>>> print(open('model-v8.pdb').read())   # PDB, C-alpha atoms and all ligand atoms
ATOM      1  CA  MET C   1      -4.088 -17.685  -0.913
ATOM      2  CA  PHE C   2      -7.418 -17.407  -2.721
ATOM      3  CA  GLU C   3      -7.194 -16.541  -6.418
ATOM      4  CA  ILE C   4      -9.294 -14.092  -8.447
ATOM      5  CA  ARG C   5      -8.183 -15.347 -11.860
ATOM      6  CA  ASP C   6     -10.819 -17.381 -13.764
ATOM      7  CA  LYS C   7     -13.428 -17.119 -11.020
ATOM      8  CA  VAL C   8     -17.077 -16.032 -11.423
ATOM      9  CA  PHE C   9     -18.092 -13.100  -9.192
ATOM     10  CA  PHE C  10     -21.505 -11.720  -8.217
ATOM     11  CA  VAL C  11     -21.553  -8.195  -6.721
ATOM     12  CA  THR C  12     -24.624  -6.273  -5.476
ATOM     13  CA  GLY C  13     -24.639  -2.479  -5.214
ATOM     14  CA  ALA C  14     -22.094  -2.592  -8.006
ATOM     15  CA  ALA C  15     -22.938   0.485 -10.084
ATOM     16  CA  ALA C  16     -21.267   3.120  -7.900
ATOM     17  CA  GLY C  17     -18.978   3.767  -4.972
ATOM     18  CA  ILE C  18     -17.138   0.875  -3.346
ATOM     19  CA  GLY C  19     -19.121  -1.769  -5.279
ATOM     20  CA  ALA C  20     -18.049  -0.376  -8.666
ATOM     21  CA  GLY C  21     -14.451  -0.325  -7.429
ATOM     22  CA  ILE C  22     -14.729  -3.985  -6.417
ATOM     23  CA  VAL C  23     -16.011  -4.921  -9.905
ATOM     24  CA  ARG C  24     -13.062  -3.078 -11.499
ATOM     25  CA  ALA C  25     -10.547  -4.756  -9.162
ATOM     26  CA  PHE C  26     -11.840  -8.286  -9.866
ATOM     27  CA  LEU C  27     -11.625  -7.679 -13.628
ATOM     28  CA  ASP C  28      -8.188  -6.131 -13.288
ATOM     29  CA  GLU C  29      -6.949  -9.334 -11.610
ATOM     30  CA  GLY C  30      -8.316 -11.656 -14.306
ATOM     31  CA  ALA C  31     -11.821 -12.658 -13.186
ATOM     32  CA  LYS C  32     -13.582 -14.962 -15.633
ATOM     33  CA  HIS C  33     -16.811 -12.977 -15.254
ATOM     34  CA  VAL C  34     -18.344 -10.364 -12.956
ATOM     35  CA  ALA C  35     -22.126 -10.053 -12.623
ATOM     36  CA  ALA C  36     -22.742  -6.480 -11.460
ATOM     37  CA  LEU C  37     -26.179  -5.884  -9.883
ATOM     38  CA  ASP C  38     -27.675  -2.515  -8.987
ATOM     39  CA  ILE C  39     -30.945  -0.607  -8.913
ATOM     40  CA  ASP C  40     -29.262   2.382 -10.632
ATOM     41  CA  ILE C  41     -29.609   1.571 -14.338
ATOM     42  CA  ASN C  42     -27.774   4.604 -15.755
ATOM     43  CA  SER C  43     -24.630   4.168 -13.674
ATOM     44  CA  GLY C  44     -24.736   0.384 -14.099
ATOM     45  CA  LYS C  45     -24.994   0.559 -17.891
ATOM     46  CA  ALA C  46     -22.235   3.181 -18.069
ATOM     47  CA  LEU C  47     -19.939   0.974 -15.959
ATOM     48  CA  GLU C  48     -20.746  -2.061 -18.134
ATOM     49  CA  GLN C  49     -19.915  -0.138 -21.337
ATOM     50  CA  GLU C  50     -16.640   1.148 -19.893
ATOM     51  CA  LEU C  51     -15.542  -2.295 -18.706
ATOM     52  CA  LEU C  52     -16.663  -4.229 -21.790
ATOM     53  CA  ALA C  53     -14.551  -1.850 -23.891
ATOM     54  CA  LYS C  54     -11.570  -2.474 -21.618
ATOM     55  CA  TYR C  55     -11.845  -6.232 -20.922
ATOM     56  CA  GLY C  56     -13.949  -7.627 -23.798
ATOM     57  CA  ASN C  57     -17.228  -9.474 -24.236
ATOM     58  CA  ASP C  58     -18.517 -11.847 -21.566
ATOM     59  CA  LYS C  59     -16.226 -10.451 -18.866
ATOM     60  CA  VAL C  60     -18.885  -8.302 -17.200
ATOM     61  CA  ARG C  61     -22.629  -7.841 -17.316
ATOM     62  CA  PHE C  62     -24.803  -5.272 -15.578
ATOM     63  CA  HIS C  63     -28.096  -6.643 -14.211
ATOM     64  CA  LYS C  64     -30.793  -4.192 -13.174
ATOM     65  CA  CYS C  65     -31.774  -5.522  -9.782
ATOM     66  CA  ASP C  66     -33.465  -4.197  -6.693
ATOM     67  CA  VAL C  67     -32.051  -6.613  -4.120
ATOM     68  CA  THR C  68     -35.276  -6.399  -2.088
ATOM     69  CA  SER C  69     -37.324  -7.797  -4.998
ATOM     70  CA  ASN C  70     -37.557 -11.162  -6.734
ATOM     71  CA  ASP C  71     -35.127  -9.762  -9.326
ATOM     72  CA  LEU C  72     -32.418 -11.115  -7.051
ATOM     73  CA  ASP C  73     -33.479 -14.760  -7.539
ATOM     74  CA  VAL C  74     -33.848 -14.216 -11.289
ATOM     75  CA  VAL C  75     -30.324 -12.800 -11.621
ATOM     76  CA  TYR C  76     -28.838 -15.643  -9.539
ATOM     77  CA  ASP C  77     -30.587 -18.160 -11.832
ATOM     78  CA  ASN C  78     -29.455 -16.363 -15.007
ATOM     79  CA  VAL C  79     -25.810 -16.186 -13.932
ATOM     80  CA  VAL C  80     -25.786 -19.875 -12.943
ATOM     81  CA  ASN C  81     -27.433 -20.773 -16.283
ATOM     82  CA  ASP C  82     -24.812 -18.799 -18.205
ATOM     83  CA  PHE C  83     -21.679 -19.804 -16.259
ATOM     84  CA  GLY C  84     -22.635 -23.001 -14.410
ATOM     85  CA  TYR C  85     -21.617 -21.715 -10.976
ATOM     86  CA  ILE C  86     -20.712 -18.655  -8.893
ATOM     87  CA  ASP C  87     -17.450 -18.652  -6.899
ATOM     88  CA  VAL C  88     -17.755 -15.413  -4.941
ATOM     89  CA  VAL C  89     -20.683 -13.240  -3.855
ATOM     90  CA  VAL C  90     -20.133  -9.727  -2.469
ATOM     91  CA  ASN C  91     -23.232  -8.277  -0.793
ATOM     92  CA  CYS C  92     -22.408  -4.577  -1.025
ATOM     93  CA  ALA C  93     -25.782  -2.878  -1.741
ATOM     94  CA  GLY C  94     -26.639  -0.573   1.126
ATOM     95  CA  ILE C  95     -28.224   2.723   2.102
ATOM     96  CA  MET C  96     -27.786   4.982   5.141
ATOM     97  CA  ASN C  97     -31.131   6.631   5.797
ATOM     98  CA  ASP C  98     -32.893   6.368   9.164
ATOM     99  CA  SER C  99     -35.714   8.797   8.200
ATOM    100  CA  PRO C 100     -39.320   7.726   8.877
ATOM    101  CA  ASN C 101     -39.861   7.240   5.130
ATOM    102  CA  ALA C 102     -36.761   5.139   4.532
ATOM    103  CA  TYR C 103     -35.790   3.139   7.605
ATOM    104  CA  ILE C 104     -37.877   0.072   6.765
ATOM    105  CA  LYS C 105     -36.350  -0.005   3.280
ATOM    106  CA  GLU C 106     -32.930   0.436   4.899
ATOM    107  CA  ILE C 107     -33.499  -2.707   6.991
ATOM    108  CA  GLU C 108     -34.794  -4.584   3.919
ATOM    109  CA  ILE C 109     -31.728  -3.669   1.816
ATOM    110  CA  ASN C 110     -28.982  -3.801   4.446
ATOM    111  CA  VAL C 111     -30.214  -6.864   6.356
ATOM    112  CA  THR C 112     -33.083  -8.851   4.812
ATOM    113  CA  ALA C 113     -31.770  -8.846   1.236
ATOM    114  CA  LEU C 114     -28.201  -9.499   2.393
ATOM    115  CA  ILE C 115     -29.332 -12.541   4.380
ATOM    116  CA  LYS C 116     -31.502 -13.786   1.492
ATOM    117  CA  SER C 117     -28.590 -13.389  -0.941
ATOM    118  CA  SER C 118     -26.180 -15.096   1.467
ATOM    119  CA  PHE C 119     -28.475 -18.120   1.848
ATOM    120  CA  LYS C 120     -28.983 -18.289  -1.917
ATOM    121  CA  ALA C 121     -25.194 -18.248  -2.417
ATOM    122  CA  PHE C 122     -24.630 -20.760   0.411
ATOM    123  CA  ASP C 123     -27.122 -23.211  -1.172
ATOM    124  CA  LEU C 124     -25.531 -22.901  -4.600
ATOM    125  CA  MET C 125     -21.969 -23.246  -3.344
ATOM    126  CA  ARG C 126     -22.251 -25.864  -0.575
ATOM    127  CA  LYS C 127     -20.158 -28.966  -1.254
ATOM    128  CA  ASP C 128     -22.469 -31.252   0.748
ATOM    129  CA  LYS C 129     -25.237 -30.518  -1.793
ATOM    130  CA  GLY C 130     -23.175 -30.864  -4.981
ATOM    131  CA  GLY C 131     -21.628 -27.370  -5.068
ATOM    132  CA  ARG C 132     -17.919 -26.522  -5.331
ATOM    133  CA  GLY C 133     -17.518 -24.274  -2.293
ATOM    134  CA  GLY C 134     -16.971 -20.550  -2.478
ATOM    135  CA  THR C 135     -16.803 -17.235  -0.661
ATOM    136  CA  ILE C 136     -19.466 -14.837   0.605
ATOM    137  CA  ILE C 137     -18.238 -11.336   1.508
ATOM    138  CA  ASN C 138     -20.688  -9.221   3.474
ATOM    139  CA  ILE C 139     -20.287  -5.490   4.010
ATOM    140  CA  SER C 140     -20.735  -4.258   7.561
ATOM    141  CA  SER C 141     -19.203  -1.003   8.823
ATOM    142  CA  ILE C 142     -17.236   0.534  11.654
ATOM    143  CA  VAL C 143     -20.678   1.337  13.109
ATOM    144  CA  GLY C 144     -20.989  -2.393  13.733
ATOM    145  CA  LEU C 145     -18.004  -1.975  16.099
ATOM    146  CA  PHE C 146     -19.113   1.039  18.141
ATOM    147  CA  GLN C 147     -22.418   2.631  19.153
ATOM    148  CA  ALA C 148     -23.157   5.328  16.550
ATOM    149  CA  HIS C 149     -26.149   6.819  18.350
ATOM    150  CA  LEU C 150     -27.023   9.391  15.664
ATOM    151  CA  LEU C 151     -27.943   6.558  13.255
ATOM    152  CA  PRO C 152     -29.522   3.857  15.435
ATOM    153  CA  VAL C 153     -31.186   1.946  12.580
ATOM    154  CA  TYR C 154     -28.176   1.987  10.228
ATOM    155  CA  THR C 155     -25.970   0.962  13.159
ATOM    156  CA  ALA C 156     -28.347  -1.885  14.014
ATOM    157  CA  THR C 157     -28.334  -3.106  10.390
ATOM    158  CA  LYS C 158     -24.538  -3.217  10.238
ATOM    159  CA  SER C 159     -24.357  -4.955  13.644
ATOM    160  CA  ALA C 160     -26.816  -7.524  12.274
ATOM    161  CA  VAL C 161     -24.571  -8.063   9.231
ATOM    162  CA  LEU C 162     -21.576  -8.674  11.498
ATOM    163  CA  GLN C 163     -23.384 -11.214  13.721
ATOM    164  CA  PHE C 164     -25.127 -13.011  10.843
ATOM    165  CA  SER C 165     -21.979 -13.316   8.729
ATOM    166  CA  ASN C 166     -19.726 -14.406  11.603
ATOM    167  CA  CYS C 167     -22.247 -17.056  12.700
ATOM    168  CA  LEU C 168     -22.830 -18.391   9.163
ATOM    169  CA  GLY C 169     -19.069 -18.642   8.628
ATOM    170  CA  LYS C 170     -18.414 -20.668  11.779
ATOM    171  CA  GLU C 171     -18.260 -24.423  12.287
ATOM    172  CA  PRO C 172     -19.967 -26.756  11.666
ATOM    173  CA  HIS C 173     -21.246 -24.803   8.636
ATOM    174  CA  PHE C 174     -17.838 -24.265   7.018
ATOM    175  CA  THR C 175     -16.489 -27.810   7.087
ATOM    176  CA  ARG C 176     -19.590 -29.377   5.605
ATOM    177  CA  SER C 177     -20.244 -26.609   3.036
ATOM    178  CA  GLY C 178     -16.809 -25.335   2.014
ATOM    179  CA  VAL C 179     -18.355 -21.853   1.958
ATOM    180  CA  ARG C 180     -16.148 -19.181   3.505
ATOM    181  CA  VAL C 181     -17.948 -16.125   4.937
ATOM    182  CA  LEU C 182     -16.021 -12.876   5.497
ATOM    183  CA  THR C 183     -17.181  -9.610   7.058
ATOM    184  CA  LEU C 184     -15.743  -6.249   6.017
ATOM    185  CA  CYS C 185     -16.064  -3.183   8.274
ATOM    186  CA  PHE C 186     -15.261  -0.095   6.242
ATOM    187  CA  GLY C 187     -14.495   3.233   7.881
ATOM    188  CA  VAL C 188     -15.846   6.495   6.510
ATOM    189  CA  THR C 189     -15.272   6.344   2.759
ATOM    190  CA  ASP C 190     -15.786   9.061   0.175
ATOM    191  CA  THR C 191     -18.863   7.871  -1.791
ATOM    192  CA  SER C 192     -22.366   9.112  -2.529
ATOM    193  CA  LEU C 193     -23.634   7.306   0.603
ATOM    194  CA  PHE C 194     -23.084  10.641   2.395
ATOM    195  CA  SER C 195     -24.777  12.844  -0.219
ATOM    196  CA  PRO C 196     -27.321  15.164   1.458
ATOM    197  CA  THR C 197     -30.115  13.734  -0.715
ATOM    198  CA  LYS C 198     -29.449  10.182   0.543
ATOM    199  CA  LEU C 199     -28.394  10.529   4.175
ATOM    200  CA  GLU C 200     -30.976  11.360   6.856
ATOM    201  CA  ALA C 201     -31.479  10.786  10.564
ATOM    202  CA  PHE C 202     -34.708   9.689  12.265
ATOM    203  CA  ASP C 203     -35.819  13.201  13.270
ATOM    204  CA  LYS C 204     -35.031  16.861  12.551
ATOM    205  CA  GLU C 205     -32.991  17.444  15.726
ATOM    206  CA  THR C 206     -30.796  14.381  15.160
ATOM    207  CA  ASN C 207     -30.457  15.267  11.489
ATOM    208  CA  GLU C 208     -28.910  18.631  12.389
ATOM    209  CA  LEU C 209     -26.470  16.963  14.787
ATOM    210  CA  LEU C 210     -25.628  14.351  12.155
ATOM    211  CA  LYS C 211     -25.006  16.883   9.388
ATOM    212  CA  SER C 212     -22.779  19.029  11.616
ATOM    213  CA  SER C 213     -20.831  15.942  12.750
ATOM    214  CA  LEU C 214     -20.036  15.176   9.127
ATOM    215  CA  VAL C 215     -18.462  18.551   8.339
ATOM    216  CA  ASP C 216     -14.733  18.057   7.778
ATOM    217  CA  LEU C 217     -15.015  14.352   8.633
ATOM    218  CA  PRO C 218     -11.875  12.724   7.201
ATOM    219  CA  MET C 219     -12.821  10.190   4.543
ATOM    220  CA  GLN C 220     -10.706   7.408   3.098
ATOM    221  CA  LYS C 221     -10.535   6.889  -0.656
ATOM    222  CA  PRO C 222     -12.884   4.251  -2.138
ATOM    223  CA  GLU C 223      -9.745   2.639  -3.646
ATOM    224  CA  SER C 224      -8.457   1.980  -0.087
ATOM    225  CA  ALA C 225     -11.713   0.205   0.819
ATOM    226  CA  VAL C 226     -11.475  -1.890  -2.367
ATOM    227  CA  LYS C 227      -7.808  -2.757  -1.795
ATOM    228  CA  GLY C 228      -8.636  -3.872   1.742
ATOM    229  CA  LEU C 229     -11.478  -6.082   0.536
ATOM    230  CA  ILE C 230      -9.232  -7.729  -2.053
ATOM    231  CA  HIS C 231      -6.632  -8.441   0.655
ATOM    232  CA  ALA C 232      -9.313  -9.941   2.930
ATOM    233  CA  TYR C 233     -10.634 -12.065   0.034
ATOM    234  CA  LYS C 234      -7.154 -13.434  -0.700
ATOM    235  CA  HIS C 235      -6.101 -14.104   2.894
ATOM    236  CA  GLY C 236      -9.164 -14.212   5.165
ATOM    237  CA  GLU C 237     -10.259 -17.292   7.064
ATOM    238  CA  THR C 238     -13.925 -18.132   7.324
ATOM    239  CA  ALA C 239     -15.848 -16.144   9.983
ATOM    240  CA  SER C 240     -13.106 -13.496  10.005
ATOM    241  CA  THR C 241     -13.824  -9.791  10.362
ATOM    242  CA  TRP C 242     -11.715  -7.126   8.658
ATOM    243  CA  LEU C 243     -11.355  -3.422   9.447
ATOM    244  CA  VAL C 244     -10.514  -1.172   6.497
ATOM    245  CA  THR C 245     -10.361   2.454   7.582
ATOM    246  CA  THR C 246      -8.422   5.750   7.254
ATOM    247  CA  ASP C 247      -6.610   4.514   4.115
ATOM    248  CA  ARG C 248      -4.709   1.928   6.187
ATOM    249  CA  PRO C 249      -4.115  -1.649   5.016
ATOM    250  CA  ALA C 250      -6.834  -4.157   5.919
ATOM    251  CA  GLU C 251      -6.573  -5.395   9.504
ATOM    252  CA  ASP C 252      -7.907  -8.778  10.677
ATOM    253  CA  ILE C 253      -9.875  -7.867  13.824
ATOM    254  CA  THR C 254     -11.449 -11.292  14.387
ATOM    255  CA  GLY C 255      -9.656 -11.603  17.752
ATOM    256  CA  ASN C 256     -11.157  -8.295  18.978
ATOM    257  CA  VAL C 257     -14.662  -9.292  17.905
ATOM    258  CA  THR C 258     -14.302 -12.678  19.636
ATOM    259  CA  LYS C 259     -13.027 -10.982  22.813
ATOM    260  CA  ALA C 260     -15.894  -8.464  22.722
ATOM    261  CA  TYR C 261     -18.466 -11.250  22.557
ATOM    262  CA  GLU C 262     -16.665 -13.106  25.345
ATOM    263  CA  VAL C 263     -17.090  -9.986  27.491
ATOM    264  CA  MET C 264     -20.719  -9.461  26.450
ATOM    265  CA  SER C 265     -21.605 -13.087  27.125
ATOM    266  CA  GLN C 266     -20.169 -13.141  30.652
ATOM    267  CA  GLY C 267     -22.819 -14.579  32.947
ATOM    268  CA  VAL C 268     -25.070 -15.649  30.081
ATOM    269  CA  PHE C 269     -24.676 -19.377  30.630
ATOM    270  CA  SER C 270     -23.668 -19.505  34.281
TER
HETATM  271  N1  LIG C 301     -19.072   4.902   2.323
HETATM  272  C1  LIG C 301     -18.850   4.556   3.585
HETATM  273  O1  LIG C 301     -18.330   5.350   4.398
HETATM  274  C2  LIG C 301     -19.173   3.187   4.084
HETATM  275  C3  LIG C 301     -18.660   2.787   5.321
HETATM  276  C4  LIG C 301     -18.978   1.530   5.806
HETATM  277  C5  LIG C 301     -19.776   0.692   5.068
HETATM  278  N2  LIG C 301     -20.266   1.110   3.860
HETATM  279  C6  LIG C 301     -21.131   0.192   3.130
HETATM  280  O2  LIG C 301     -20.533  -0.085   1.889
HETATM  281  C7  LIG C 301     -21.547  -0.435   0.945
HETATM  282  C8  LIG C 301     -21.352   0.380  -0.333
HETATM  283  O3  LIG C 301     -21.613   1.735  -0.019
HETATM  284  P1  LIG C 301     -20.981   2.970  -0.816
HETATM  285  O4  LIG C 301     -20.301   3.808   0.185
HETATM  286  O5  LIG C 301     -20.254   2.498  -2.011
HETATM  287  O6  LIG C 301     -22.336   3.734  -1.196
HETATM  288  P2  LIG C 301     -22.947   4.155  -2.622
HETATM  289  O7  LIG C 301     -24.239   4.831  -2.295
HETATM  290  O8  LIG C 301     -21.938   4.887  -3.418
HETATM  291  O9  LIG C 301     -23.210   2.741  -3.318
HETATM  292  C9  LIG C 301     -24.262   1.900  -2.906
HETATM  293  C10 LIG C 301     -24.842   1.239  -4.141
HETATM  294  O10 LIG C 301     -25.933   0.399  -3.716
HETATM  295  C11 LIG C 301     -26.971   0.550  -4.655
HETATM  296  N3  LIG C 301     -28.272   0.203  -4.077
HETATM  297  C12 LIG C 301     -28.990   0.891  -3.154
HETATM  298  N4  LIG C 301     -30.168   0.287  -2.954
HETATM  299  C13 LIG C 301     -30.190  -0.815  -3.747
HETATM  300  C14 LIG C 301     -31.144  -1.838  -3.974
HETATM  301  N5  LIG C 301     -32.338  -1.845  -3.357
HETATM  302  N6  LIG C 301     -30.843  -2.823  -4.850
HETATM  303  C15 LIG C 301     -29.652  -2.817  -5.506
HETATM  304  N7  LIG C 301     -28.714  -1.861  -5.343
HETATM  305  C16 LIG C 301     -28.982  -0.875  -4.462
HETATM  306  C17 LIG C 301     -26.920   2.022  -5.042
HETATM  307  O11 LIG C 301     -27.622   2.286  -6.252
HETATM  308  C18 LIG C 301     -25.425   2.256  -5.143
HETATM  309  O12 LIG C 301     -24.935   2.008  -6.429
HETATM  310  C19 LIG C 301     -22.883  -0.200   1.653
HETATM  311  O13 LIG C 301     -23.360  -1.424   2.164
HETATM  312  C20 LIG C 301     -22.506   0.732   2.786
HETATM  313  O14 LIG C 301     -23.414   0.645   3.870
HETATM  314  C21 LIG C 301     -19.965   2.323   3.347
END
>>> encode(input="model-v8.pdb", output="structure tokens", more="lines below")
Ligand SMILES: NC(=O)c1ccc[n+]([C@@H]2O[C@H](COP(=O)([O-])OP(=O)(O)OC[C@H]3O[C@@H](n4cnc5c(N)ncnc54)[C@H](O)[C@@H]3O)[C@@H](O)[C@H]2O)c1
Amino acid sequence: MFEIRDKVFFVTGAAAGIGAGIVRAFLDEGAKHVAALDIDINSGKALEQELLAKYGNDKVRFHKCDVTSNDLDVVYDNVVNDFGYIDVVVNCAGIMNDSPNAYIKEIEINVTALIKSSFKAFDLMRKDKGGRGGTIINISSIVGLFQAHLLPVYTATKSAVLQFSNCLGKEPHFTRSGVRVLTLCFGVTDTSLFSPTKLEAFDKETNELLKSSLVDLPMQKPESAVKGLIHAYKHGETASTWLVTTDRPAEDITGNVTKAYEVMSQGVFS
């Protein structure tokens, strides 16, 4: 089992929603330090104040960081300077907005920045280059597991996260690096991701369909998503994929994902 106690954690999208819950859970289980990164300064500072009061100095620090900017490299360097290493990175920052004004940013946050952060973490942690190994946890979604046609861009970003993270976690990368890569697919979870000011489809017609499909949509509690992620962190093998939905315990669905790609790749090499 993988321990939380005395480890150094790095969490993006950490000021609100599931990310803030993850920060709380790591501290609750004795993390040495949690670096909490987010673009939302007010929520990030408020979380830092709350958690410093509860856990004491040095346990947590909020870093203002837009993951699509060079801030990300600066924060990585600062945390490594302060603590010497990072054991676990959770790439949780994400938006769900396919509108013409936001979809390129959505790809940059959900995919480009997540890949950049994963490679940065992989380089720092890899044992074959002097690191001490570690864990990267990337946040996909149930939309990476089915075709959510009302949000084609968001769905594509979360499918990209699933493929990238599974491939980076596989051999020969794991044995030489000692870096475990896990993918989490959360079901619909009650956070501000769905707030009408944040969520939009690519055109007016689809937006109306999307908004009506969300009415009365059952949502799991953010605490259930967090609990599932902690279980996956403690027990997950590298390149594994975990489903955490409808307030159920985390389920290792690696076998289903493997089978699905076996079906999709039929005829590819023959
Ligand atoms: N809520 C759900 O139903 C659900 C389901 C599946 C997957 N997810 C994924 O879980 C993750 C967390 O989402 P959430 O539901 O907690 O949403 P949320 O909106 O409550 O939290 C997302 C956080 O990311 C931050 N963020 C956005 N852009 C950023 C940027 N450029 N740089 C740094 N931080 C940035 C936001 O400020 C916010 O604090 C996302 O990747 C989301 O796609 C959520």
>>> closest_residue(input="model-v8.pdb", among="C:Val23, C:Leu229, C:Val161, C:Met219", to="Ile109 of chain C", atoms="only C-alpha atoms")
C:Val161
>>> closest_residue(input="model-v8.pdb", among="C:Thr191, C:Gln266, C:Asn207, C:Asn78", to="ligand LIG 301 (chain C)", atoms="all atoms listed in the file")
C:Thr191
>>> residues_near_point(input="model-v8.pdb", point="(-34.4, -0.7, 13.6)", cutoff="8 Å", atoms="only C-alpha atoms", output="list in words")
Tyr103, Ile104, Ile107, Pro152, Val153, Tyr154, Ala156 and Thr157 of chain C
>>> residues_near_point(input="model-v8.pdb", point="(-29.4, -2.0, -16.9)", cutoff="12 Å", atoms="all atoms listed in the file", output="number ranges by chain")
C: 14-15, 35-49, 61-66
>>> closest_residue(input="model-v8.pdb", among="C:Gly30, C:Gly267, C:Gly130, C:Gly13", to="ligand LIG 301 (chain C)", atoms="all atoms listed in the file")
C:Gly13
>>> closest_residue(input="model-v8.pdb", among="C:Phe186, C:Phe26, C:Phe83, C:Phe10", to="ligand LIG 301 (chain C)", atoms="all atoms listed in the file")
C:Phe186
>>> resolve_selection(input="model-v8.pdb", expression="the PyMOL selection byres (((chain C and resi 84) around 12) and not hetatm)", output="list in words")
Lys7, Val8, His33, Tyr76, Asp77, Asn78, Val79, Val80, Asn81, Asp82, Phe83, Tyr85, Ile86, Asp87, Leu124, Met125, Gly131 and Arg132 of chain C
>>> closest_residue(input="model-v8.pdb", among="C:Gly178, C:Gly17, C:Gly56, C:Pro196", to="ligand LIG 301 (chain C)", atoms="all atoms listed in the file")
C:Gly17
>>> axis_aligned_box(input="model-v8.pdb", around="ligand LIG 301 (chain C)", padding_each_side="4 Å", output="JSON")
{"center_x": -25.3, "center_y": 1.3, "center_z": -0.3, "size_x": 22.0, "size_y": 16.2, "size_z": 20.2}
>>> atom_distance(input="model-v8.pdb", atom1="atom CA of Val75 of chain C", atom2="atom C21 of ligand LIG 301 (chain C)")
23.7 Å
>>> residues_around(input="model-v8.pdb", residues="Lys234 of chain C", least_positions_apart="6", cutoff="9 Å", atoms="only C-alpha atoms", output="PyMOL selection string")
chain C and resi 1-4
>>> closest_atom_pairs(input="model-v8.pdb", of="segment 138-210 of chain C", to="segment 242-259 of chain C", cutoff="6 Å", atoms="all atoms listed in the file", output="Markdown table")
| residue | atom | partner | partner_atom | distance |
| --- | --- | --- | --- | --- |
| C:Leu184 | CA | C:Trp242 | CA | 4.9 |
| C:Cys185 | CA | C:Leu243 | CA | 4.9 |
| C:Phe186 | CA | C:Val244 | CA | 4.9 |
| C:Gly187 | CA | C:Thr245 | CA | 4.2 |
>>> atom_distance(input="model-v8.pdb", atom1="atom CA of Asn138 of chain C", atom2="atom CA of Thr155 of chain C")
15.0 Å
>>> atom_distance(input="model-v8.pdb", atom1="atom CA of Lys127 of chain C", atom2="atom CA of Arg180 of chain C")
11.6 Å
>>> closest_residue(input="model-v8.pdb", among="C:Phe202, C:Phe194, C:Phe269, C:Tyr261", to="ligand LIG 301 (chain C)", atoms="only C-alpha atoms and all ligand atoms")
C:Phe194
>>> closest_atom_pairs(input="model-v8.pdb", of="segment 149-182 of chain C", to="segment 118-123 of chain C", cutoff="10 Å", atoms="all atoms listed in the file", output="CSV")
residue,atom,partner,partner_atom,distance
C:Phe164,CA,C:Ser118,CA,9.7
C:Ser165,CA,C:Ser118,CA,8.6
C:Leu168,CA,C:Ser118,CA,9.0
C:His173,CA,C:Phe122,CA,9.8
C:Ser177,CA,C:Phe122,CA,7.8
C:Gly178,CA,C:Phe122,CA,9.2
C:Val179,CA,C:Phe122,CA,6.6
C:Arg180,CA,C:Phe122,CA,9.2
C:Val181,CA,C:Ser118,CA,9.0
>>> residues_around(input="model-v8.pdb", residues="Thr197 of chain C", least_positions_apart="6", cutoff="12 Å", atoms="only C-alpha atoms", output="list in words")
Ile95, Met96, Asn97, Ser99 and Lys211 of chain C
>>> resolve_selection(input="model-v8.pdb", expression="the PyMOL selection byres (((chain C and resi 27) around 9) and not hetatm)", output="list in words")
Ile4, Arg5, Ile22, Val23, Arg24, Ala25, Phe26, Asp28, Glu29, Gly30, Ala31, Lys32, His33, Val34, Leu51, Tyr55, Lys59 and Val60 of chain C
